[in-house]
Amino acid sequence: MILFVIKRFALAVTTVFVVSVLVFLLVHAGDTTPGVVAVGIGGTQEQIEAYNEQIGWYDPLIVQYLAWLGSALTGDLGTSLTNGSDVLDEILRRFPVTASLAFGATVVSSVLGVVLGVTAAVRRGLADRLVSVFAGMGAAVPAFWLGIVLVFVFAVQSSLLPATGYVRFEDSPSGWFSSLVLPVLTLAIGGAAFIARQTRASMLEALGQEYIRTLRATAMPTWRILYVHALRSASLPIVASIALQFIALFGGSIIVEVLFALPGLGVAVQGAVGQADAPAVQGIVVVATLVVVVVNLLLELTNSFLDPKLRTS
Amino acid sequence: MSDTAAFPTRSSQRASRRPLQAPQALRTLLRSPLGMLGLAWLVVIVVASLTAPLWLPYPIEYQDFSAVLAGPSAAHLLGTDELGRDVLSRIFAAGAGSLITTFLAAVVAIGVALPLALIAAASSARIETIINRVTEIAMSIPALVIIIAVIGAVGTNLYLVMTCLGLLIAGGIYRVFVGQAKSLQSQLYVDAAEVDGLRPAMVSIRHILPNMATTIFVQFVLVFAIGLMLQAGLAFIGFGPQPPEPSWGGLIQSASKQIYVHPWLMVPTGLVLVFTVLGANAVADTLAGGQGAPPSQVALGPEARRRRRELKAAAPVAVESAPEGMLIVKGLTIGVDDGPELVSSVSFEVAPGTVLGVVGESGCGKTLTALSLVGLLPPGVNPREGSIRWGARDLARLDESGLAAIRGREIGFVGQEPMRALDPMFTIGYQLAGAVRRLRGVGKADARAEAASLLGKVGIVDAERVLRSYPHQISGGMAQRVAIALALAGRPKLLIADEPTTALDVTVQAEILSLLRGLVAETGMSMVMVTHDFGVVADICDEVVVMYAGQVIESGTVHDVLGAAEHPYTTALLAADPHAGLGVVGQERLASIPGQVPQPRDWPTGCRFADRCAFAQPQCVVPVPLIARDRGDGGVRCVRVHELQLGRLDDPVPLDAATPVDGGADPTAPTTAAAPARNGKVRS
């Protein structure tokens with residue numbers, strides 16, 4: 001078990017490291033040098049050169065990477081080329097928006113997915129067919145299109161909810177909540193479809209096992225067979241599928257933040273890429289990867305704790 | 001439920017879980033309306049997009065100022081956008097670029113994942129581990145974020161962007177491929193090819209790759225669907241083909257700006273995208289259809305309701321009650337609902353304190369008969385006629401709650417596969433103490449103590465350790481002892497044991513048999529023992545029924561049936577049993593019965609064994625009743641029984657020679673009868 005934890009941890013660290021190298025190389029592969037961005041339109045070639053020289057842009061890549069890594073580990077992700085703000089401060093300022101969105105979407109998609117999947121597996125018949133239609137549609141409808149449809153129905157047609165914008169929790173909890181309903185739903189439907197499918201399959205797999213017969217032979221009530229034993233055995237693949245869909249969540253949140261004009265990390269990375277703001281791109285991508293990897297590590301450890309075979313090894 | 005799936009044999013469950021072979025997959029696709037619809041849509045979209053320049057009604061930049069933001073009309077079938085451009089033309093003009101670059105992503109993903117999977121499956125564990133780690137890293141990277149960084153570096157070069165996507169998705173595809181490649185690699189014929197000196201690369205290409213064709217295609221289609229959505233998403237946030245060049249995501253993006261004035265604009269492009277992804281998923285789902293779950297052990301939803309309705313609607317049949325502790329099965333017929341009959345008119349009795357053996361080849365209905373005695377038939381398989389009388393009740397007509405009151409408390413059940421009979425997620429203590437609490441209504445602490453004492457009773461010395469263990473931490477023999485303890489938890493008067501020793505090692509088989517023999521002697525319970533091994537019958541049973549193709553074909557005391565078998569099938573089975581040559585003296589080679597047990601839908605109206613019988617004659621085509629034995633009590637289902645007199649062919653070997661002299665419960669005493677149990681199986 002301890003060995004397993006160490007291995008997973010090492011893999012997580014490696015993943016973040018690989019991404020940081022990758023994004024570093026990508027930033028350097030572009031045609032636009034930081035000088036061009038920082039000096040802005042109308043700057044002379046000399047000014048640009050001077051800026052690049054000053055930040056060490058012409059040093060060997062390995063030197064530059066180690067310098068970035070060194071300051072990143074001490075919490076310094078550099079300053080934005082476009083507005084001179086501290087990248088880490090900017091990330092921390094925007095983090096609550098993306099975190100609310102991602103957390104909300106994970107909770108909604110997990111609860112909805114598990115409830116629908118279990119219902120489909122247990123009730124079969126019509127419920128099963130309806131859930132499989134939902135799972136099929138949910139997997140095929142792109143989040144951005146679904147989001148616009150939701151806006152049309154709930155904001156344009158009925159104005160029950162705001163179409164776009166974000167209200168900070170500190171300013172108005174209810175405003176915060178209603179500003180998040182549509183984005184969270186938009187982001188959660190695809191994940192819910194995926195988790196529902198996995199849950200249904202795992203429940204049916206569990207219910208086909210021979211130990212279910214033993215449970216019946218010892219007069220275990222059917223509801224306990226379904227909701228204690230089969231669900232317990234299905235919990236491993238369900239948690240694994242929640243972890244998998246969380247990886248895709250940050251990517252999805254970029255689209256949803258742009259669509260609903262939420263001032264989160266996704267919009268920031270979209271803007272930073274569009275403006276070739278190298279330090280911001282590097283910083284946001286690495287921090288986002290770090291969060292995804294940490295959450296995944298936690299879910300994986302949860303799963304290994306749920307699995308008696310791993311736990312007792 | 002199809003005929004074959006209704007058979008609760010393990011082999012059919014496994015067979016249904018293999019991925020479909022390519023020709024079979026194609027047939028499945030052709031037969032599935034949804035799959036064909038998806039395929040047809042994909043073909044239409046691809047062909048229409050690729051040939052778009054030839055047929056588009058308007059150039060993509062043509063602006064019809066008389067119809068800005070118009071709905072569908074004869075001139076513009078799907079309406080026009082804010083600049084009066086024809087939506088239909090723009091959708092299909094955008095299609096080719098999206099489809100070709102997405103195709104590229106799928107090719108890259110498969111092209112990277114497949115060789116990696118083949119290499120991982122064919123090479124040493126170390127290389128496989130390395131590949132696994134690398135792909136795990138690729139899988140835990142948020143793909144869209146990296147792709148946006150790539151776009152930042154190289155601009156919106158879709159070919160490059162979609163190649164990156166292919167690389168990032170490859171990790172997940174690899175996981176699917178490597179599982180299948182490894183299971184194929186472990187197949188015997190692959191080993192054989194390797195022994196024949198075929199180079200590993202050739203083995204992969206010739207023997208493994210063709211068998212993965214369906215999986216590869218399914219994954220290709222799935223990646224295609226993912227790629228299409230992702231590409232549209234990128235275009236939506238401005239990282240796609242730059243305007244005025246149209247793209248699906250871009251079209252939806254500009255439509256979203258008109259949501260207040262002209263929401264219709266969202267519909268055409270959105271639906272084309274949704275239907276294309278749906279179509280791809282439908283094709284993939286249909287092709288992957290072979291990998292369904294095993295049939296459920298619990299009747300669910302409509303199936304459970306239907307059985308309840310049937311039982312309610314059935315006219316109450318007055319059955320006379322059986323004497324206390326006596327099981328009387330009369331004319332029991334079991335069948336698949338709306339399907340074939342699986343067990344035909346079986347009758348037998350089990351007196352208190354006696355052991356009945358049920359013998360036969362695989363697929364003769366032994367296990368189904370046994371399961372019906374505890375109401376544990378798989379969903380969709382139910383008793384049709386006849387009765388199972390136990391006290392005042394008829395178990396064939398009892399509903400789920402009535403059966404639940406009997407299961408464990410009055411009739412216990414032990415299955416074939418001890419390692420699969422226990423829930424791997426819970427400790428043995430939890431499962432056993434839980435059963436004791438349920439079945440005896442005692443408190444938690446008492447139940448725990450009783451669980452420990454039950455384990456002692458089934459011969460487990462360190463009960464406390466076993467109670468704390470999970471099923472995977474104990475051996476098969478130990479697990480079967482635990483399963484027996486579970487069956488005894490409610491102090492049943494009758495124990496149904498379905499081949500309780502088949503899955504165990506030979507020495508462990510003997511121990512479990514002595515344990516069961518001892519328990520019967522000690523507790524006075526009776527037992528129904530299903531087996532294909534006459535050694536087990538000789539060892540432990542008092543009476544025996546021999547089953548063939550769903551019927552009882554011979555019954556009687558163990559002494560009579562084993563000592564002087566009268567049915568040609570029984571004599572053939574005994575001749576095929578390697579130990580002692582109980583029926584036929586002096587033969588040197590083991591006999592085998594030609595042919596195999598017919599499938600239920602192929603059962604003839606006459607004697608079901610006639611096809612394989614050495615003594616078959618024209619008169620065997622008429623239905624045969626059970627005829628009284630030539631010698632002793634019981635019956636034989638053979639029209640020629642009195643004529644053949646098989647029981648008197650040779651001087652039967654005295655039964656005592658084949659059974660252990662001492663019938664005690666000494667687990668260390670090797671029982672000659674039980675030892676060769678595995679070989680006793682006639683059909684391999």
# chains A, B, ... in the order shown; residues from 1 in each chain; ligands from 1

call {"tool": "interface_residues", "arguments": {"of": "chain B", "to": "chain A", "cutoff": "7 Å", "atoms": "only C-alpha atoms", "output": "JSON, numbers by chain"}}
result
{"B": [137, 140, 141, 142, 144, 145, 149, 150, 152, 153, 154, 229, 233, 237, 256, 259, 260, 270, 274, 277, 278, 293, 294, 295, 296, 297, 298, 300, 301, 302, 404, 407, 408, 412, 413, 420, 421, 422, 423, 425, 435, 487]}

call {"tool": "write_last_selection", "arguments": {"atoms": "C-alpha atoms", "output": "PDB file, in the first residue's frame"}}
result
ATOM      1  CA  ILE B 137       1.256  10.419 -17.769  1.00  0.00           C
ATOM      2  CA  SER B 140      -3.496  12.538 -16.786  1.00  0.00           C
ATOM      3  CA  ILE B 141      -2.536  15.633 -18.773  1.00  0.00           C
ATOM      4  CA  PRO B 142      -5.496  17.942 -19.437  1.00  0.00           C
ATOM      5  CA  LEU B 144      -7.268  20.854 -24.180  1.00  0.00           C
ATOM      6  CA  VAL B 145      -4.963  23.019 -22.063  1.00  0.00           C
ATOM      7  CA  ALA B 149      -0.558  26.144 -25.507  1.00  0.00           C
ATOM      8  CA  VAL B 150       0.375  24.511 -28.821  1.00  0.00           C
ATOM      9  CA  GLY B 152      -0.170  29.756 -28.813  1.00  0.00           C
ATOM     10  CA  ALA B 153       3.134  28.560 -30.218  1.00  0.00           C
ATOM     11  CA  VAL B 154       2.288  27.564 -33.766  1.00  0.00           C
ATOM     12  CA  MET B 229     -16.266  17.963 -30.650  1.00  0.00           C
ATOM     13  CA  GLY B 233     -14.900  23.697 -29.170  1.00  0.00           C
ATOM     14  CA  ILE B 237     -13.343  30.057 -28.474  1.00  0.00           C
ATOM     15  CA  SER B 256     -24.553  32.495 -30.416  1.00  0.00           C
ATOM     16  CA  ILE B 259     -29.362  34.255 -29.841  1.00  0.00           C
ATOM     17  CA  TYR B 260     -31.582  37.190 -28.837  1.00  0.00           C
ATOM     18  CA  GLY B 270     -25.548  22.362 -33.849  1.00  0.00           C
ATOM     19  CA  VAL B 274     -24.594  16.507 -32.657  1.00  0.00           C
ATOM     20  CA  VAL B 277     -21.073  12.584 -33.083  1.00  0.00           C
ATOM     21  CA  LEU B 278     -24.202  10.551 -32.240  1.00  0.00           C
ATOM     22  CA  ALA B 293     -22.303  -7.805 -18.670  1.00  0.00           C
ATOM     23  CA  PRO B 294     -23.060 -11.339 -17.453  1.00  0.00           C
ATOM     24  CA  PRO B 295     -26.777 -11.996 -16.856  1.00  0.00           C
ATOM     25  CA  SER B 296     -27.921 -10.617 -13.535  1.00  0.00           C
ATOM     26  CA  GLN B 297     -28.354 -12.978 -10.588  1.00  0.00           C
ATOM     27  CA  VAL B 298     -31.189 -10.853  -9.236  1.00  0.00           C
ATOM     28  CA  LEU B 300     -34.666  -6.695 -11.826  1.00  0.00           C
ATOM     29  CA  GLY B 301     -37.382  -4.323 -12.971  1.00  0.00           C
ATOM     30  CA  PRO B 302     -39.838  -5.729 -15.470  1.00  0.00           C
ATOM     31  CA  ALA B 404     -36.386 -15.597   1.229  1.00  0.00           C
ATOM     32  CA  ARG B 407     -33.394 -19.718   2.072  1.00  0.00           C
ATOM     33  CA  GLY B 408     -30.615 -20.217   4.573  1.00  0.00           C
ATOM     34  CA  GLY B 412     -28.899 -23.930   2.562  1.00  0.00           C
ATOM     35  CA  PHE B 413     -26.902 -23.688  -0.633  1.00  0.00           C
ATOM     36  CA  ARG B 420     -16.343 -16.467  -6.537  1.00  0.00           C
ATOM     37  CA  ALA B 421     -18.998 -17.297  -3.967  1.00  0.00           C
ATOM     38  CA  LEU B 422     -17.768 -14.713  -1.456  1.00  0.00           C
ATOM     39  CA  ASP B 423     -18.068 -10.956  -1.905  1.00  0.00           C
ATOM     40  CA  MET B 425     -15.235  -6.326  -0.956  1.00  0.00           C
ATOM     41  CA  ALA B 435     -25.683 -14.092   7.791  1.00  0.00           C
ATOM     42  CA  ALA B 487     -24.810 -22.218   4.264  1.00  0.00           C
TER      43      ALA B 487
END

call {"tool": "select_by_dssp", "arguments": {"residues": "stretch 24-118 of chain A", "states": "alpha helix (DSSP H)", "output": "PyMOL selection string"}}
result
chain A and resi 24-29+34-39+45-54+61-73+87-118

call {"tool": "closest_residue", "arguments": {"among": "A:Leu150, A:Ile48, A:Val291, A:Met1", "to": "A:Pro183", "atoms": "only C-alpha atoms"}}
result
A:Leu150

call {"tool": "atom_distance", "arguments": {"atom1": "atom CA of B:Ser401", "atom2": "atom CA of B:Asp338"}}
result
24.1 Å

call {"tool": "atom_distance", "arguments": {"atom1": "atom CA of A:Leu77", "atom2": "atom CA of A:Gly35"}}
result
17.6 Å

call {"tool": "atom_distance", "arguments": {"atom1": "atom CA of A:Val118", "atom2": "atom CA of A:Gly104"}}
result
21.1 Å

call {"tool": "select_by_dssp", "arguments": {"residues": "stretch 526-560 of chain B", "states": "strand (DSSP E or B)", "output": "list in words"}}
result
Ser526, Met527, Val528, Met529, Val530, Thr531, Glu543, Val544, Val545, Val546, Met547, Tyr548, Gln551, Val552, Ile553, Glu554, Ser555, Gly556 and Thr557 of chain B

call {"tool": "residues_around", "arguments": {"residues": "B:Arg465", "least_positions_apart": "5", "cutoff": "12 Å", "atoms": "only C-alpha atoms", "output": "number ranges by chain"}}
result
B: 427-429, 452, 455-456, 460, 470-471, 473-474

call {"tool": "residues_around", "arguments": {"residues": "stretch 62-71 of chain B", "least_positions_apart": "4", "cutoff": "12 Å", "atoms": "only C-alpha atoms", "output": "short mmCIF file (atom, residue, chain, number, x, y, z; two decimals) with all heavy atoms, in the first residue's frame"}}
result
data_model
loop_
_atom_site.label_atom_id
_atom_site.label_comp_id
_atom_site.auth_asym_id
_atom_site.auth_seq_id
_atom_site.Cartn_x
_atom_site.Cartn_y
_atom_site.Cartn_z
N LEU B 56 -22.78 22.85 -53.92
CA LEU B 56 -23.29 23.88 -53.02
C LEU B 56 -24.15 24.90 -53.77
O LEU B 56 -23.77 25.37 -54.83
CB LEU B 56 -22.13 24.61 -52.34
CG LEU B 56 -21.47 23.85 -51.20
CD1 LEU B 56 -20.44 24.72 -50.51
CD2 LEU B 56 -22.52 23.39 -50.19
N PRO B 57 -25.31 25.23 -53.20
CA PRO B 57 -26.21 26.16 -53.89
C PRO B 57 -25.61 27.57 -54.01
O PRO B 57 -25.90 28.28 -54.97
CB PRO B 57 -27.46 26.17 -53.03
CG PRO B 57 -27.08 25.56 -51.73
CD PRO B 57 -25.91 24.68 -51.98
N TYR B 58 -24.78 28.01 -53.04
CA TYR B 58 -24.23 29.36 -53.08
C TYR B 58 -22.73 29.31 -52.77
O TYR B 58 -22.30 28.47 -52.00
CB TYR B 58 -24.91 30.27 -52.05
CG TYR B 58 -26.39 30.44 -52.27
CD1 TYR B 58 -27.29 29.61 -51.65
CD2 TYR B 58 -26.86 31.44 -53.12
CE1 TYR B 58 -28.65 29.75 -51.85
CE2 TYR B 58 -28.23 31.59 -53.33
CZ TYR B 58 -29.12 30.74 -52.70
OH TYR B 58 -30.45 30.89 -52.91
N ALA B 75 -35.31 29.19 -51.16
CA ALA B 75 -34.04 29.69 -51.69
C ALA B 75 -32.88 29.30 -50.77
O ALA B 75 -31.80 28.95 -51.22
CB ALA B 75 -34.11 31.20 -51.83
N HIS B 76 -33.13 29.38 -49.45
CA HIS B 76 -32.10 29.02 -48.48
C HIS B 76 -32.69 27.96 -47.56
O HIS B 76 -33.39 28.28 -46.61
CB HIS B 76 -31.68 30.26 -47.67
CG HIS B 76 -31.17 31.38 -48.54
ND1 HIS B 76 -29.91 31.38 -49.07
CD2 HIS B 76 -31.78 32.50 -48.97
CE1 HIS B 76 -29.74 32.47 -49.80
NE2 HIS B 76 -30.87 33.17 -49.76
N LEU B 77 -32.36 26.70 -47.85
CA LEU B 77 -33.03 25.59 -47.16
C LEU B 77 -32.86 25.65 -45.65
O LEU B 77 -33.75 25.28 -44.89
CB LEU B 77 -32.50 24.26 -47.69
CG LEU B 77 -32.96 23.90 -49.10
CD1 LEU B 77 -32.32 22.61 -49.56
CD2 LEU B 77 -34.49 23.79 -49.15
N LEU B 78 -31.69 26.12 -45.20
CA LEU B 78 -31.46 26.19 -43.77
C LEU B 78 -31.39 27.64 -43.29
O LEU B 78 -30.93 27.92 -42.20
CB LEU B 78 -30.17 25.45 -43.39
CG LEU B 78 -30.17 23.94 -43.65
CD1 LEU B 78 -28.83 23.33 -43.26
CD2 LEU B 78 -31.29 23.25 -42.88
N GLY B 79 -31.83 28.55 -44.12
CA GLY B 79 -31.83 29.96 -43.72
C GLY B 79 -30.51 30.65 -44.03
O GLY B 79 -29.62 30.09 -44.67
N THR B 80 -30.41 31.91 -43.54
CA THR B 80 -29.20 32.69 -43.79
C THR B 80 -28.69 33.29 -42.49
O THR B 80 -29.42 33.34 -41.50
CB THR B 80 -29.49 33.86 -44.75
OG1 THR B 80 -30.51 34.67 -44.16
CG2 THR B 80 -29.93 33.37 -46.11
N ASP B 81 -27.41 33.73 -42.49
CA ASP B 81 -26.84 34.30 -41.27
C ASP B 81 -26.95 35.83 -41.29
O ASP B 81 -27.65 36.40 -42.13
CB ASP B 81 -25.40 33.82 -41.07
CG ASP B 81 -24.45 34.38 -42.12
OD1 ASP B 81 -24.91 35.21 -42.94
OD2 ASP B 81 -23.28 34.00 -42.11
N GLU B 82 -26.23 36.48 -40.37
CA GLU B 82 -26.39 37.92 -40.18
C GLU B 82 -25.92 38.72 -41.39
O GLU B 82 -26.23 39.89 -41.54
CB GLU B 82 -25.68 38.37 -38.90
CG GLU B 82 -24.15 38.30 -38.93
CD GLU B 82 -23.59 36.91 -38.66
OE1 GLU B 82 -24.39 35.94 -38.62
OE2 GLU B 82 -22.37 36.78 -38.49
N LEU B 83 -25.11 38.08 -42.26
CA LEU B 83 -24.67 38.78 -43.47
C LEU B 83 -25.43 38.29 -44.70
O LEU B 83 -25.02 38.53 -45.83
CB LEU B 83 -23.16 38.59 -43.66
CG LEU B 83 -22.28 39.16 -42.55
CD1 LEU B 83 -20.82 38.83 -42.80
CD2 LEU B 83 -22.48 40.67 -42.44
N GLY B 84 -26.49 37.52 -44.47
CA GLY B 84 -27.28 37.03 -45.59
C GLY B 84 -26.62 35.88 -46.33
O GLY B 84 -26.94 35.61 -47.48
N ARG B 85 -25.66 35.20 -45.66
CA ARG B 85 -25.00 34.08 -46.32
C ARG B 85 -25.79 32.79 -46.08
O ARG B 85 -26.37 32.60 -45.01
CB ARG B 85 -23.57 33.94 -45.80
CG ARG B 85 -22.72 35.17 -46.13
CD ARG B 85 -21.35 35.08 -45.52
NE ARG B 85 -21.40 35.09 -44.06
CZ ARG B 85 -20.32 35.25 -43.29
NH1 ARG B 85 -19.12 35.41 -43.84
NH2 ARG B 85 -20.43 35.26 -41.99
N ASP B 86 -25.76 31.90 -47.04
CA ASP B 86 -26.55 30.67 -46.99
C ASP B 86 -25.95 29.70 -45.97
O ASP B 86 -24.77 29.30 -46.08
CB ASP B 86 -26.57 30.04 -48.39
CG ASP B 86 -27.44 28.79 -48.42
OD1 ASP B 86 -28.63 28.90 -48.06
OD2 ASP B 86 -26.93 27.73 -48.77
N VAL B 87 -26.73 29.30 -44.97
CA VAL B 87 -26.22 28.46 -43.88
C VAL B 87 -25.84 27.07 -44.38
O VAL B 87 -24.79 26.53 -44.04
CB VAL B 87 -27.24 28.38 -42.72
CG1 VAL B 87 -26.82 27.36 -41.68
CG2 VAL B 87 -27.42 29.75 -42.08
N LEU B 88 -26.70 26.50 -45.23
CA LEU B 88 -26.42 25.16 -45.75
C LEU B 88 -25.07 25.12 -46.45
O LEU B 88 -24.24 24.24 -46.21
CB LEU B 88 -27.53 24.75 -46.73
CG LEU B 88 -27.34 23.38 -47.39
CD1 LEU B 88 -27.69 22.27 -46.43
CD2 LEU B 88 -28.19 23.26 -48.65
N SER B 89 -24.82 26.12 -47.29
CA SER B 89 -23.56 26.16 -48.02
C SER B 89 -22.38 26.27 -47.06
O SER B 89 -21.36 25.61 -47.23
CB SER B 89 -23.53 27.35 -48.97
OG SER B 89 -24.60 27.26 -49.87
N ARG B 90 -22.54 27.10 -46.03
CA ARG B 90 -21.43 27.29 -45.10
C ARG B 90 -21.17 26.04 -44.27
O ARG B 90 -20.02 25.70 -43.99
CB ARG B 90 -21.71 28.52 -44.22
CG ARG B 90 -21.60 29.82 -45.01
CD ARG B 90 -21.86 31.04 -44.18
NE ARG B 90 -20.85 31.30 -43.15
CZ ARG B 90 -19.65 31.82 -43.42
NH1 ARG B 90 -19.31 32.09 -44.65
NH2 ARG B 90 -18.80 32.07 -42.45
N PRO B 244 -12.83 34.81 -42.81
CA PRO B 244 -14.18 34.35 -43.13
C PRO B 244 -14.29 32.85 -43.40
O PRO B 244 -15.38 32.38 -43.72
CB PRO B 244 -14.48 35.14 -44.40
CG PRO B 244 -13.15 35.27 -45.09
CD PRO B 244 -12.15 35.39 -43.98
N SER B 254 -20.66 32.34 -34.01
CA SER B 254 -21.29 33.57 -34.52
C SER B 254 -22.81 33.48 -34.38
O SER B 254 -23.47 34.49 -34.18
CB SER B 254 -20.86 33.86 -35.96
OG SER B 254 -21.08 32.73 -36.76
N ALA B 255 -23.34 32.26 -34.43
CA ALA B 255 -24.78 32.11 -34.20
C ALA B 255 -25.14 32.51 -32.77
O ALA B 255 -26.20 33.08 -32.52
CB ALA B 255 -25.20 30.66 -34.46
N LYS B 257 -24.13 34.81 -31.05
CA LYS B 257 -24.29 36.25 -30.89
C LYS B 257 -25.68 36.72 -31.32
O LYS B 257 -26.09 37.82 -31.00
CB LYS B 257 -23.23 36.99 -31.71
CG LYS B 257 -21.84 36.80 -31.14
CD LYS B 257 -20.81 37.52 -31.98
CE LYS B 257 -19.41 37.26 -31.48
NZ LYS B 257 -18.44 37.34 -32.59
N GLN B 258 -26.36 35.90 -32.11
CA GLN B 258 -27.69 36.27 -32.59
C GLN B 258 -28.80 35.63 -31.76
O GLN B 258 -29.96 35.64 -32.15
CB GLN B 258 -27.86 35.84 -34.06
CG GLN B 258 -26.72 36.24 -34.96
CD GLN B 258 -26.55 37.74 -35.02
OE1 GLN B 258 -27.51 38.49 -34.88
NE2 GLN B 258 -25.30 38.19 -35.22
N ILE B 259 -28.40 35.05 -30.60
CA ILE B 259 -29.36 34.25 -29.84
C ILE B 259 -30.59 35.06 -29.44
O ILE B 259 -31.70 34.53 -29.33
CB ILE B 259 -28.67 33.64 -28.60
CG1 ILE B 259 -29.55 32.60 -27.93
CG2 ILE B 259 -28.26 34.68 -27.59
CD1 ILE B 259 -29.44 31.26 -28.54
N TYR B 260 -30.43 36.39 -29.24
CA TYR B 260 -31.58 37.19 -28.84
C TYR B 260 -32.50 37.52 -30.01
O TYR B 260 -33.69 37.67 -29.84
CB TYR B 260 -31.12 38.49 -28.17
CG TYR B 260 -30.51 38.28 -26.82
CD1 TYR B 260 -29.14 38.09 -26.67
CD2 TYR B 260 -31.32 38.23 -25.69
CE1 TYR B 260 -28.59 37.86 -25.41
CE2 TYR B 260 -30.78 38.01 -24.43
CZ TYR B 260 -29.41 37.81 -24.31
OH TYR B 260 -28.89 37.60 -23.07
N VAL B 261 -31.90 37.66 -31.22
CA VAL B 261 -32.74 38.09 -32.34
C VAL B 261 -33.14 36.95 -33.28
O VAL B 261 -34.21 36.97 -33.87
CB VAL B 261 -32.04 39.19 -33.17
CG1 VAL B 261 -32.06 40.50 -32.42
CG2 VAL B 261 -30.62 38.79 -33.53
N HIS B 262 -32.27 35.93 -33.40
CA HIS B 262 -32.55 34.89 -34.38
C HIS B 262 -32.02 33.54 -33.91
O HIS B 262 -31.04 33.01 -34.42
CB HIS B 262 -31.91 35.28 -35.72
CG HIS B 262 -32.33 34.40 -36.86
ND1 HIS B 262 -33.65 34.20 -37.21
CD2 HIS B 262 -31.61 33.66 -37.72
CE1 HIS B 262 -33.71 33.37 -38.24
NE2 HIS B 262 -32.48 33.03 -38.57
N PRO B 263 -32.66 32.99 -32.87
CA PRO B 263 -32.12 31.75 -32.27
C PRO B 263 -32.03 30.58 -33.27
O PRO B 263 -31.24 29.67 -33.06
CB PRO B 263 -33.10 31.45 -31.14
CG PRO B 263 -34.28 32.33 -31.36
CD PRO B 263 -33.84 33.50 -32.17
N TRP B 264 -32.82 30.61 -34.32
CA TRP B 264 -32.82 29.51 -35.28
C TRP B 264 -31.41 29.19 -35.79
O TRP B 264 -31.06 28.05 -36.06
CB TRP B 264 -33.73 29.83 -36.47
CG TRP B 264 -33.43 29.00 -37.68
CD1 TRP B 264 -32.74 29.37 -38.79
CD2 TRP B 264 -33.77 27.62 -37.88
NE1 TRP B 264 -32.64 28.34 -39.67
CE2 TRP B 264 -33.26 27.24 -39.13
CE3 TRP B 264 -34.47 26.68 -37.10
CZ2 TRP B 264 -33.42 25.95 -39.64
CZ3 TRP B 264 -34.62 25.41 -37.61
CH2 TRP B 264 -34.11 25.05 -38.86
N LEU B 265 -30.58 30.24 -35.88
CA LEU B 265 -29.25 30.09 -36.45
C LEU B 265 -28.42 29.04 -35.69
O LEU B 265 -27.51 28.43 -36.24
CB LEU B 265 -28.54 31.45 -36.41
CG LEU B 265 -27.43 31.70 -37.43
CD1 LEU B 265 -27.88 31.32 -38.83
CD2 LEU B 265 -27.01 33.16 -37.38
N MET B 266 -28.76 28.84 -34.40
CA MET B 266 -28.05 27.83 -33.60
C MET B 266 -28.35 26.42 -34.09
O MET B 266 -27.57 25.50 -33.87
CB MET B 266 -28.54 27.90 -32.15
CG MET B 266 -28.03 29.04 -31.33
SD MET B 266 -26.28 28.89 -31.15
CE MET B 266 -26.17 27.29 -30.34
N VAL B 267 -29.55 26.24 -34.65
CA VAL B 267 -30.06 24.89 -34.83
C VAL B 267 -29.33 24.07 -35.90
O VAL B 267 -28.84 22.98 -35.60
CB VAL B 267 -31.59 24.94 -35.10
CG1 VAL B 267 -32.14 23.54 -35.34
CG2 VAL B 267 -32.30 25.59 -33.92
N PRO B 268 -29.21 24.57 -37.15
CA PRO B 268 -28.68 23.69 -38.20
C PRO B 268 -27.26 23.17 -37.90
O PRO B 268 -27.04 21.96 -37.88
CB PRO B 268 -28.68 24.58 -39.44
CG PRO B 268 -29.61 25.68 -39.15
CD PRO B 268 -29.56 25.89 -37.67
#

call {"tool": "closest_residue", "arguments": {"among": "B:Gly155, B:Gly386, B:Gly441, B:Gly434", "to": "B:Gln242", "atoms": "only C-alpha atoms"}}
result
B:Gly155

call {"tool": "closest_residue", "arguments": {"among": "A:Ala280, A:Leu61, A:Leu301, A:Ala50", "to": "A:Asp76", "atoms": "only C-alpha atoms"}}
result
A:Ala280

call {"tool": "closest_residue", "arguments": {"among": "A:Gly42, A:Gly75, A:Pro162, A:Ala10", "to": "A:Asp89", "atoms": "only C-alpha atoms"}}
result
A:Gly75

call {"tool": "residues_around", "arguments": {"residues": "B:Leu327", "least_positions_apart": "4", "cutoff": "12 Å", "atoms": "only C-alpha atoms", "output": "JSON, numbers by chain"}}
result
{"B": [321, 322, 323, 347, 348, 349, 350, 351, 352, 353, 354, 355, 356, 373, 374, 387, 388, 389, 390, 391, 392, 393, 394, 395, 410, 411, 493, 494, 495, 496, 525, 526, 527, 528]}
